[in-house]
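Engineer: My file is run36.csv. It has CSV, C-alpha atoms:
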```
chain,number,residue,atom,x,y,z
A,1,GLY,CA,-16.1,-20.1,-12.1
A,2,GLY,CA,-17.8,-19.3,-15.4
A,3,GLY,CA,-21.3,-20.8,-14.8
A,4,GLY,CA,-22.3,-19.6,-11.3
A,5,GLY,CA,-22.9,-15.9,-11.9
A,6,GLY,CA,-22.9,-13.0,-14.3
A,7,GLY,CA,-19.2,-12.1,-13.9
A,8,GLY,CA,-17.4,-15.4,-14.3
A,9,PHE,CA,-14.5,-16.3,-16.7
A,10,ALA,CA,-16.9,-17.6,-19.3
A,11,GLU,CA,-18.5,-14.2,-19.6
A,12,LEU,CA,-15.1,-12.6,-19.7
A,13,LEU,CA,-14.1,-14.8,-22.6
A,14,ARG,CA,-17.1,-13.5,-24.5
A,15,ASN,CA,-15.5,-10.0,-24.3
A,16,ARG,CA,-12.4,-10.9,-26.2
A,17,ARG,CA,-11.6,-7.3,-27.1
A,18,LEU,CA,-11.7,-6.3,-23.4
A,19,LEU,CA,-9.5,-9.2,-22.6
A,20,LEU,CA,-7.0,-8.2,-25.3
A,21,VAL,CA,-6.8,-4.6,-24.4
A,22,GLY,CA,-6.8,-5.1,-20.6
A,23,GLY,CA,-4.2,-7.9,-20.7
A,24,ALA,CA,-2.0,-6.0,-23.1
A,25,LEU,CA,-2.1,-2.8,-21.1
A,26,MET,CA,-1.0,-4.6,-17.9
A,27,THR,CA,1.6,-6.6,-19.7
A,28,PHE,CA,3.2,-3.5,-21.4
A,29,GLN,CA,3.1,-1.7,-18.0
A,30,SER,CA,5.7,-4.2,-16.8
A,31,LEU,CA,7.5,-5.1,-20.0
A,32,THR,CA,8.4,-1.6,-20.9
A,33,GLY,CA,11.0,-1.6,-18.0
A,34,ILE,CA,9.7,0.5,-15.1
A,35,ASN,CA,10.7,-2.1,-12.5
A,36,SER,CA,14.1,-2.6,-13.9
A,37,VAL,CA,14.8,1.1,-14.1
A,38,ILE,CA,13.6,1.8,-10.6
A,39,PHE,CA,15.2,-1.3,-9.0
A,40,TYR,CA,18.6,-0.7,-10.7
A,41,SER,CA,18.6,3.1,-10.7
A,42,THR,CA,21.4,3.3,-8.2
A,43,THR,CA,23.4,0.9,-10.3
A,44,ILE,CA,22.7,3.0,-13.4
A,45,PHE,CA,23.9,6.2,-11.7
A,46,ARG,CA,27.0,4.5,-10.4
A,47,LEU,CA,27.9,3.1,-13.9
A,48,ALA,CA,27.4,6.6,-15.3
A,49,GLY,CA,29.8,8.1,-12.8
A,50,VAL,CA,27.4,9.7,-10.4
A,51,ARG,CA,29.1,9.9,-7.0
A,52,GLN,CA,26.0,10.6,-4.9
A,53,ASP,CA,23.9,7.9,-6.5
A,54,ILE,CA,21.4,7.7,-3.6
A,55,LEU,CA,20.4,11.3,-4.3
A,56,GLY,CA,19.5,10.3,-7.9
A,57,THR,CA,17.4,7.4,-6.6
A,58,MET,CA,15.6,9.8,-4.2
A,59,ALA,CA,14.9,12.1,-7.2
A,60,VAL,CA,13.4,9.1,-9.0
A,61,GLY,CA,10.8,8.7,-6.2
A,62,VAL,CA,10.0,12.3,-6.2
A,63,ALA,CA,9.5,12.4,-10.0
A,64,ASN,CA,7.3,9.4,-9.8
A,65,VAL,CA,5.0,10.9,-7.2
A,66,GLY,CA,5.0,14.4,-8.7
A,67,MET,CA,4.2,13.3,-12.2
A,68,THR,CA,1.4,11.0,-11.0
A,69,VAL,CA,-0.2,14.0,-9.4
A,70,VAL,CA,0.2,15.9,-12.7
A,71,SER,CA,-1.4,13.0,-14.6
A,72,SER,CA,-4.4,13.0,-12.2
A,73,ARG,CA,-5.0,16.7,-13.1
A,74,LEU,CA,-4.7,16.2,-16.8
A,75,VAL,CA,-6.6,12.9,-17.4
A,76,ASP,CA,-10.0,14.6,-17.6
A,77,THR,CA,-8.9,17.5,-19.7
A,78,ARG,CA,-6.5,15.9,-22.2
A,79,GLY,CA,-8.0,12.4,-22.4
A,80,ARG,CA,-6.8,9.0,-21.5
A,81,LYS,CA,-5.4,7.9,-24.8
A,82,VAL,CA,-3.5,11.2,-25.3
A,83,LEU,CA,-1.7,10.8,-22.0
A,84,LEU,CA,-0.9,7.1,-22.6
A,85,LEU,CA,0.6,7.9,-26.0
A,86,ALA,CA,2.5,10.9,-24.7
A,87,GLY,CA,3.8,9.0,-21.7
A,88,THR,CA,4.9,6.0,-23.7
A,89,TRP,CA,6.6,8.2,-26.4
A,90,THR,CA,8.5,9.9,-23.5
A,91,MET,CA,9.6,6.5,-22.1
A,92,ALA,CA,10.9,5.3,-25.5
A,93,ALA,CA,12.8,8.5,-26.1
A,94,ALA,CA,14.3,8.5,-22.5
A,95,LEU,CA,15.4,4.8,-22.9
A,96,ALA,CA,17.0,5.5,-26.2
A,97,GLY,CA,18.8,8.5,-24.7
A,98,LEU,CA,19.9,6.6,-21.6
A,99,SER,CA,21.3,3.8,-23.7
A,100,GLY,CA,23.1,6.2,-25.9
A,101,THR,CA,24.5,8.0,-22.9
A,102,LEU,CA,25.9,4.8,-21.4
A,103,LEU,CA,27.2,3.4,-24.7
A,104,LEU,CA,28.7,6.5,-26.4
A,105,LEU,CA,29.5,9.1,-23.8
A,106,GLY,CA,32.0,7.4,-21.5
A,107,SER,CA,34.5,10.1,-22.0
A,108,TRP,CA,32.1,12.9,-20.9
A,109,GLY,CA,32.8,12.3,-17.2
A,110,ALA,CA,30.3,14.2,-15.0
A,111,ALA,CA,28.2,15.2,-17.9
A,112,GLN,CA,27.4,11.6,-18.6
A,113,GLY,CA,26.2,11.2,-15.0
A,114,VAL,CA,23.9,14.3,-15.3
A,115,LEU,CA,22.5,13.0,-18.6
A,116,ALA,CA,21.9,9.5,-17.2
A,117,VAL,CA,20.0,11.0,-14.2
A,118,GLY,CA,18.0,13.2,-16.5
A,119,PHE,CA,16.9,10.4,-18.8
A,120,VAL,CA,16.0,8.2,-15.9
A,121,LEU,CA,13.8,10.9,-14.4
A,122,LEU,CA,12.3,11.6,-17.8
A,123,PHE,CA,11.5,7.9,-18.2
A,124,VAL,CA,9.9,7.7,-14.7
A,125,GLY,CA,7.9,10.8,-15.4
A,126,GLY,CA,6.6,9.4,-18.7
A,127,PHE,CA,5.6,6.2,-17.0
A,128,ALA,CA,3.8,8.1,-14.2
A,129,VAL,CA,1.9,10.2,-16.7
A,130,GLY,CA,0.7,7.3,-18.9
A,131,LEU,CA,1.0,3.6,-18.2
A,132,GLY,CA,1.5,4.0,-14.5
A,133,ALA,CA,-1.8,5.7,-13.6
A,134,VAL,CA,-4.0,6.2,-16.7
A,135,ALA,CA,-3.9,2.5,-17.7
A,136,TRP,CA,-5.9,1.6,-14.5
A,137,ILE,CA,-8.5,4.3,-15.2
A,138,VAL,CA,-9.0,3.0,-18.8
A,139,LEU,CA,-9.4,-0.5,-17.5
A,140,SER,CA,-12.1,0.6,-15.0
A,141,GLU,CA,-14.0,2.4,-17.8
A,142,ILE,CA,-14.0,-0.4,-20.4
A,143,THR,CA,-14.8,-3.2,-18.0
A,144,PRO,CA,-18.5,-3.9,-17.2
A,145,THR,CA,-19.3,-3.7,-13.5
A,146,ALA,CA,-20.4,-7.4,-13.5
A,147,LEU,CA,-17.1,-8.5,-14.9
A,148,ARG,CA,-14.8,-6.2,-12.9
A,149,SER,CA,-13.6,-8.5,-10.2
A,150,THR,CA,-12.9,-11.4,-12.6
A,151,ALA,CA,-11.4,-9.2,-15.3
A,152,PHE,CA,-9.1,-7.4,-12.9
A,153,SER,CA,-7.9,-10.6,-11.4
A,154,VAL,CA,-6.7,-11.6,-14.9
A,155,PHE,CA,-5.2,-8.2,-15.6
A,156,VAL,CA,-3.3,-8.0,-12.3
A,157,SER,CA,-2.1,-11.5,-12.8
A,158,CYS,CA,-0.7,-10.5,-16.2
A,159,ASN,CA,1.0,-7.6,-14.6
A,160,TRP,CA,2.6,-9.5,-11.7
A,161,LEU,CA,3.7,-12.4,-13.8
A,162,CYS,CA,5.5,-10.1,-16.2
A,163,SER,CA,7.0,-8.1,-13.3
A,164,LEU,CA,8.3,-11.4,-11.8
A,165,ALA,CA,9.8,-12.5,-15.1
A,166,ILE,CA,11.6,-9.1,-15.5
A,167,SER,CA,12.9,-9.2,-11.9
A,168,LEU,CA,14.2,-12.8,-12.3
A,169,SER,CA,15.8,-12.2,-15.7
A,170,THR,CA,17.3,-8.7,-15.5
A,171,LEU,CA,20.7,-9.6,-14.1
A,172,THR,CA,21.1,-12.5,-16.5
A,173,ALA,CA,20.1,-10.4,-19.4
A,174,ILE,CA,22.6,-7.7,-18.4
A,175,ARG,CA,25.4,-10.3,-18.3
A,176,VAL,CA,24.4,-11.9,-21.6
A,177,LEU,CA,23.9,-8.6,-23.5
A,178,GLY,CA,27.0,-7.0,-22.1
A,179,GLY,CA,29.3,-10.0,-22.5
A,180,GLY,CA,30.6,-9.4,-19.0
A,181,ASP,CA,30.5,-5.6,-19.1
A,182,ASP,CA,27.7,-4.4,-16.9
A,183,LYS,CA,27.5,-0.9,-18.4
A,184,THR,CA,27.1,-2.2,-21.9
A,185,GLY,CA,24.6,-4.8,-20.7
A,186,VAL,CA,22.4,-2.3,-19.0
A,187,ALA,CA,22.5,0.0,-22.1
A,188,ARG,CA,21.6,-2.8,-24.5
A,189,LEU,CA,18.8,-4.1,-22.2
A,190,TYR,CA,17.3,-0.6,-22.1
A,191,LEU,CA,17.3,-0.6,-25.9
A,192,VAL,CA,15.2,-3.8,-25.7
A,193,PHE,CA,12.8,-2.0,-23.4
A,194,CYS,CA,12.8,0.9,-25.9
A,195,GLY,CA,11.7,-1.5,-28.6
A,196,LEU,CA,8.9,-2.8,-26.3
A,197,CYS,CA,7.8,0.8,-25.8
A,198,LEU,CA,7.5,1.2,-29.5
A,199,LEU,CA,5.5,-2.0,-29.7
A,200,CYS,CA,3.2,-0.7,-27.0
A,201,LEU,CA,2.7,2.5,-29.0
A,202,ALA,CA,1.7,0.5,-32.1
A,203,PHE,CA,-0.8,-1.4,-29.9
A,204,LEU,CA,-2.2,1.8,-28.4
A,205,TYR,CA,-2.7,3.5,-31.7
A,206,LYS,CA,-4.5,0.5,-33.2
A,207,TYR,CA,-6.6,-1.0,-30.4
A,208,LEU,CA,-7.1,1.5,-27.6
A,209,PRO,CA,-10.2,3.7,-27.7
A,210,GLU,CA,-10.4,7.1,-26.1
A,211,THR,CA,-12.6,6.5,-23.0
A,212,LYS,CA,-12.9,10.1,-21.8
A,213,GLY,CA,-16.5,10.8,-21.1
A,214,GLY,CA,-17.4,7.3,-22.4
A,215,ALA,CA,-16.5,8.3,-25.9
A,216,GLY,CA,-14.6,5.2,-26.7
A,217,LEU,CA,-17.1,2.7,-25.5
A,218,GLY,CA,-19.0,2.8,-28.8
A,219,LYS,CA,-16.6,3.5,-31.6
A,220,ASP,CA,-13.2,4.9,-31.3
A,221,GLY,CA,-11.5,7.3,-33.7
A,222,GLY,CA,-10.7,4.5,-36.1
A,223,GLY,CA,-14.3,3.3,-36.2
A,224,VAL,CA,-13.6,0.1,-34.3
A,225,GLU,CA,-16.4,-1.3,-32.2
A,226,PHE,CA,-15.6,-1.5,-28.5
A,227,ARG,CA,-18.9,-2.0,-26.8
A,228,PRO,CA,-18.6,-4.5,-23.9
A,229,VAL,CA,-20.7,-7.7,-24.6
A,230,PRO,CA,-23.6,-7.8,-22.1
A,231,THR,CA,-23.4,-10.3,-19.3
A,232,ARG,CA,-26.2,-12.6,-18.2
A,233,GLU,CA,-26.6,-10.2,-15.3
A,234,ASP,CA,-27.1,-7.3,-17.7
A,235,ASP,CA,-29.7,-9.4,-19.7
A,236,ASP,CA,-31.6,-10.2,-16.5
A,237,VAL,CA,-31.8,-6.5,-15.5
A,238,GLY,CA,-33.0,-5.6,-19.0
A,239,MET,CA,-35.7,-8.3,-18.9
A,240,GLU,CA,-36.9,-7.0,-15.5
A,241,GLU,CA,-37.0,-3.4,-16.7
A,242,GLY,CA,-39.1,-4.6,-19.7
A,243,GLY,CA,-41.5,-6.4,-17.5
A,244,LEU,CA,-40.6,-9.8,-18.8
```
With the file now loaded, output its structure as structure tokens.
Structural biologist:
Amino acid sequence: GGGGGGGGFAELLRNRRLLLVGGALMTFQSLTGINSVIFYSTTIFRLAGVRQDILGTMAVGVANVGMTVVSSRLVDTRGRKVLLLAGTWTMAAALAGLSGTLLLLGSWGAAQGVLAVGFVLLFVGGFAVGLGAVAWIVLSEITPTALRSTAFSVFVSCNWLCSLAISLSTLTAIRVLGGGDDKTGVARLYLVFCGLCLLCLAFLYKYLPETKGGAGLGKDGGGVEFRPVPTREDDDVGMEEGGL
């Protein structure tokens, strides 16, 4: 509850910027299409003419793990915001390329399959480098310790609700967008996800501070205040230290 301690929902609501950034990051993590691409990667490869589609799916898993390791090595040298932007730009480009491959290159035969696998791997790599791993690091750095359990329960709920919505609606969206043609439906759905990646980028540029070394907790590059509002718990500690 909000009244029993320093880290309740009432205190979280005082940190509206934190709530906006954290909720949006977790929402975009799901709405940019990662679950759909991974869940339906075998279908994508089959539609693109890949005969050994299970091998492509295995490659997706390897790419996800491998690029997550790369992200963990780069996050302290390149910065959080840089990786999030680079990863999301990569996702948008990969989705546009994948959609174009499925819509326009049907006569390319095996080459279409190779391109489809390549764009899916590029998308998964971009997600792993940015939204997949770095988003959680950013959340831990911008959330006051006293609010962490409450805030993360809200952020994770945003993530899971969006993931559930995507999972339940993907097949229907493919049928509607494709007019009965699954290949066209998948391609158009990923154009929608591409648009959501671009929306995510606009949000990142405008609202996300760089938190490397605590740099973004005061003012970010755009001069926007992003200092967490003290909780009652923080106020009590300050009074004790001041001898009050």
Engineer: Given the choices A:Ala93, A:Ala24, A:Ile174, A:Ala59, which gets closest to A:Phe123 if the distance is worked out from only C-alpha atoms?
Structural biologist: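 For A:Phe123, the nearest of the given residues is A:Ala93.
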Engineer: Please list as a list in words every residue within 7 Å of A:Ala94, counting only C-alpha atoms and excluding residues in the same chain fewer than 2 positions away.
Structural biologist: Thr90, Met91, Ala92, Ala96, Gly97, Leu98, Phe119, Val120, Leu122 and Phe123 of chain A
Engineer: Go ahead and write the residues just picked, C-alpha atoms, as a JSON list (two decimals), keeping the file's coordinate frame.
Structural biologist:
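What ended up in part07.json:
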```
[["chain", "number", "residue", "atom", "x", "y", "z"],
["A", 90, "THR", "CA", 8.50, 9.90, -23.50],
["A", 91, "MET", "CA", 9.60, 6.50, -22.10],
["A", 92, "ALA", "CA", 10.90, 5.30, -25.50],
["A", 96, "ALA", "CA", 17.00, 5.50, -26.20],
["A", 97, "GLY", "CA", 18.80, 8.50, -24.70],
["A", 98, "LEU", "CA", 19.90, 6.60, -21.60],
["A", 119, "PHE", "CA", 16.90, 10.40, -18.80],
["A", 120, "VAL", "CA", 16.00, 8.20, -15.90],
["A", 122, "LEU", "CA", 12.30, 11.60, -17.80],
["A", 123, "PHE", "CA", 11.50, 7.90, -18.20]]
```
Engineer: Using all atoms listed in the file, which residue out of A:Ala133, A:Cys158, A:Leu31, A:Val21 lies closest to A:Tyr205?
Structural biologist: A:Val21
Engineer: Give the answer as one residue: which of A:Gly130, A:Pro209, A:Gly180, A:Gly22 has the shortest atom-to-atom distance to A:Gly87, using only C-alpha atoms?
Structural biologist: A:Gly130
Engineer: Mind checking which residues fall within 12 Å of A:Trp89, counting all atoms listed in the file, ignoring those fewer than 6 positions away in the same chain, and posting them as a ChimeraX atom specification?
Structural biologist: /A:32,82-83,95-96,122-123,125-127,129-131,194-202,204-205
Engineer: Have a look at atom CA of A:Trp160 and atom CA of A:Ser30 and let me know their distance in Å, one decimal.
Structural biologist: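 Distance reported for this atom pair: 8.0 Å.
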Engineer: Please measure the separation of atom CA of A:Phe28 and atom CA of A:Ala128, giving the value in Å to one decimal.
Structural biologist: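 So the two atoms, atom CA of A:Phe28 and atom CA of A:Ala128, lie 13.7 Å apart.
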Engineer: Between atom CA of A:Ile137 and atom CA of A:Leu74, what is the spacing in Å?
Structural biologist: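 A separation of 12.6 Å between them.
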Engineer: Which stretch 39-107 of chain A residues have any atom within 12 Å of an atom of stretch 138-142 of chain A, and for each, what is the nearest pair of atoms with distance in Å to one decimal, counting only C-alpha atoms, rows sorted by chain and number, as a Markdown table?
Structural biologist:
```
| residue | atom | partner | partner_atom | distance |
| --- | --- | --- | --- | --- |
| A:Val75 | CA | A:Val138 | CA | 10.3 |
| A:Asp76 | CA | A:Val138 | CA | 11.7 |
| A:Gly79 | CA | A:Val138 | CA | 10.1 |
| A:Arg80 | CA | A:Val138 | CA | 6.9 |
| A:Lys81 | CA | A:Val138 | CA | 8.5 |
| A:Val82 | CA | A:Val138 | CA | 11.8 |
| A:Leu83 | CA | A:Val138 | CA | 11.2 |
| A:Leu84 | CA | A:Val138 | CA | 9.8 |
```
Engineer: Could you name the residues that touch A:Leu171 at 10 Å or less, counting only C-alpha atoms, but leaving out those on the same chain fewer than 2 positions away, as JSON, numbers by chain?
Structural biologist: {"A": [36, 40, 166, 167, 168, 169, 173, 174, 175, 176, 177, 182, 185, 186, 189]}
Engineer: Would you export the selected residues with C-alpha atoms as a compact mmCIF listing (two decimals), in the frame of the given file, please?
Structural biologist:
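Final output, part-v9.txt:
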```
# COMPACT_ATOMS: atom_id res chain seq x y z
CA SER A 36 14.10 -2.60 -13.90
CA TYR A 40 18.60 -0.70 -10.70
CA ILE A 166 11.60 -9.10 -15.50
CA SER A 167 12.90 -9.20 -11.90
CA LEU A 168 14.20 -12.80 -12.30
CA SER A 169 15.80 -12.20 -15.70
CA ALA A 173 20.10 -10.40 -19.40
CA ILE A 174 22.60 -7.70 -18.40
CA ARG A 175 25.40 -10.30 -18.30
CA VAL A 176 24.40 -11.90 -21.60
CA LEU A 177 23.90 -8.60 -23.50
CA ASP A 182 27.70 -4.40 -16.90
CA GLY A 185 24.60 -4.80 -20.70
CA VAL A 186 22.40 -2.30 -19.00
CA LEU A 189 18.80 -4.10 -22.20
```
